[in-house]
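Worksheet: one structure, shown below.
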Amino acid sequence: MSQTKSMLDMFFGQSEQEMEFMPIVPLGEDEMDEQERGSLPNEVPIIALRNTVLFPNVVLPITVAREKSVKAIAEAQRLGKWIGVVAQKDGNNDDPSPEDIYQTGTLAKIVKQIKMPDGNTTIFIMGRMRFHVESYTQTDPFYTASLKYLDDVFPQQDAEFDALISSIKDHSERIAQQSPNMPNETSIVLRNIEQQSFLMHFVASNINAKLIDKQALLEENNIKTRAERLLQLLQAELQLVELKNEIANKTRADIDRQQREYFLQQQMKSIREELGGDPNEREVKEMQKRAESIKWTEAARELFQKNIEKLERMHPSTPDYSVVYNHVDLMLDLPWGTYTEDSYDLRKAEKILDHDHYGMGKIKDRILEYLAVLKLKGDLKSPILCFVGPPGIGKTSLGRSIANAINRKYVRLSLGGLHDESELRGHRKTYIGAMPGRIIQSLRKVKSSNPVFILDEVDKIGKDFRGDPSSALLEILDPEQNNTFYDNYLELEYDLSKVLFIATANSLAEIQPALRDRMEIIQLTGYSVEEKVEIAKRHLVPKQKELHGLKDIPLKANDKVISKIIQEYTRESGVRELDRVMAAIMRNVARKVAMEDKVAPQITPEQVEQVLGKPKFNNDIYTKGHPPGVAVGLAWTYVGGDILFIESSLSKGKGQLVLTGNLGNVMKESASTALSYLKAHAFDFKIPVEKFDEFNIHIHVPEGAVPKDGPSAGITMLTALASAFTGRKVKPYLAMTGEITLRGQVLPVGGIKEKVLAAKRAGIKDIVLSNQNEKDVEEINRDYIRGVKFHYVSDMNEVLGLTLARR
């Protein structure tokens, strides 16, 4: 093949900074004949090349700068132009020793020598024959070495070798086509190389591979193995080229898209100017106009102006634009200094409260007192109220009624299961998806800075690694602090002092003490049967009639029927279950009306049993006589009062005390205290002392799946034990509650109204209480506890005298 000028550019990734030579130029494919082989010298000058390997039949232009190399070339010119070319292991070594250069190289013929203007010498050398250095015969002033020539081992008619060569050619063409700096003629040149070994040497010279890999190719005698290694290097090179092209195309596409977007933005800008200006500019001006009528604080005004200036400087497509825009929009939507006018008509407010809710005198009085002071003084920090009571008694709905009574907006926030304090305080607006807290969001929604704000289920706030929301409430519910409430998103202080916060809870024990201290606690007790009858007549029956399309149907329920439903089908302090039962009856009536059956104008007891089935609850179990060792106690649960049996039995043993029924530690201690007191006063109660050592005592509280705890079962346990040891039954129709001490004193307990109403529902006629609980009983409407006799005691002798029947 003749010399090709385009081949000057044919090199794959070679860096001129890494080489002392110019691009590689192929000259021909001529194989060395026997005559030329026989004339090769056995000893030649040696030069070392940096960062490249010379292969047979490949022409390489190199620039010679080192003094040793210049002298070696001069000697070669004198002796027939033959020179040995080897690669040095470290390209940074300016004076390599024999150990620093590889022992396998290529014998080359100096084709041409050119003196450059800068004083350096450029020579063109053509590789002819591979050799191995047997020994160096001279090291100064240049290297000379005796050589052993290496022959290539060719396979004989091997189809696999032909396939390897074809793959090498294909891979080389693909690399040439995908490399942007390659001339178009490169693929044609590769296709026209017919000599297999020359094709391999030509490709190996120009591939972008490590020096050690190229040297390994040169040292390999088996031409087939050399082809396999070369193909592996080409595959790696092809993958690299394809990856580079992919990255380049992606980058080019991104640049093209950016240029296109810029061009379109400029066009849109021109169109907007023709139509009367930029809509974003109009939005900013509208915001400024809205801000003129807002009663800002000084800090809010400064922040608003600062954000408006940012919007004017920013392009709408920038990510921060929407963040600043949303913040400004929030500031404009908040009711800064906007208050609804309170209604100071106390009689009208009292009428609204009485109409919406039956009973609840304490809360109604507190709200009317607040309105009275507000009317007289004109300005008053809102109280922080907390309604505590069992479920279903109307704590939450009472908040809406209060808002109607004083003519304020109403907003409710459920705190049950809230874990993240950012839900209340808001997220910092630097976060993606940041929002203001629920307090600020609610005020934004109602457009008023003095609404009635219900914080529902404040006792059910969660607490975990994300924070403690109840601690965040400390600032919100403190009248001395909430006038400067700070929301993380708003980044401003906001005045909450005019908001009437009302929290609701089922249990005070679950509320954090510091938070409990900030609120005015108003205890709400459960409803009596009489109250439930009135609530059903006034609210539940009309509501369910309307919900079931029976508003125009003349249907009533008298007190007797409603009382039967309450006592035999519900067991609750509130009226939620009663409401559901009423709904079931109304559905039955609605079905009859829809089927055009005859509907009685009065709900009858028979109809109740037909719809609801047999009564679910029966009071006979609480009123009939029981064997010795069984006493009836009164308990308080978060759903109201309840009846509790205490059972005790004696069995032959060694005086061990066994407690069952899923009892808590306090209740277990009450049992131990009762037994100790009974042992200490055995003589007073005519119990043989040795009996305590001869019998095991077992105390059980039924419904073992329900956890029970508290001190109020103390006198009940002592009564049950005394009954078991003396053999005297506890009087029927009698229940009791109270804490005991080792000295036999009876201490007061809480939840008296719920317990008394539970006893009344169960048909109990006598209740034994601590004399210090007499004040709690007096607060209960006498009409609700008619027929119940209260016995107030101060010590256990009185209790046992009242509770144990005669033998």
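If you're wondering about the labels, chains in the structure tokens are A, B, ... by order shown, residues count from 1 in each chain, ligands from 1 in order shown.
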Apply DSSP to the structure's backbone, then extract all residues of stretch 85-266 of chain A labelled alpha helix (DSSP H) and return them as a PyMOL selection string.
chain A and resi 159-178+186-192+196-206+211-219+223-266
Quick one: which stretch 505-618 of chain A residues come within 10 Å of stretch 445-457 of chain A, and what is the nearest atom pair for each with the distance in Å to one decimal, counting only C-alpha atoms, rows ordered by chain and ascending number, as CSV?
```
residue,atom,partner,partner_atom,distance
A:Ala505,CA,A:Glu457,CA,5.0
A:Asn506,CA,A:Glu457,CA,7.4
A:Ser507,CA,A:Glu457,CA,9.5
A:Ile511,CA,A:Glu457,CA,10.0
```
Closest to A:Ile223 among A:Ile165, A:Val388, A:Ile125, A:Val608, using only C-alpha atoms?
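Among the listed residues, A:Ile165 lies closest to A:Ile223.
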With only C-alpha atoms as the counted atoms, please give the residues lying no more than 6 Å from stretch 36-53 of chain A, apart from itself and same-chain residues fewer than 6 positions off, as a list in words.
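That gives Ser69, Ala72, Ile83, Gly84, Val85, Val86, Ala87, Gln88, Gly91, Tyr143, Thr144, Ala145, Ser146 and Leu147 of chain A.
In terms of minimum interatomic distance to A:Ala503, A:Arg518 ranks closest within A:His700, A:Arg408, A:Arg518, A:His355, counting only C-alpha atoms.
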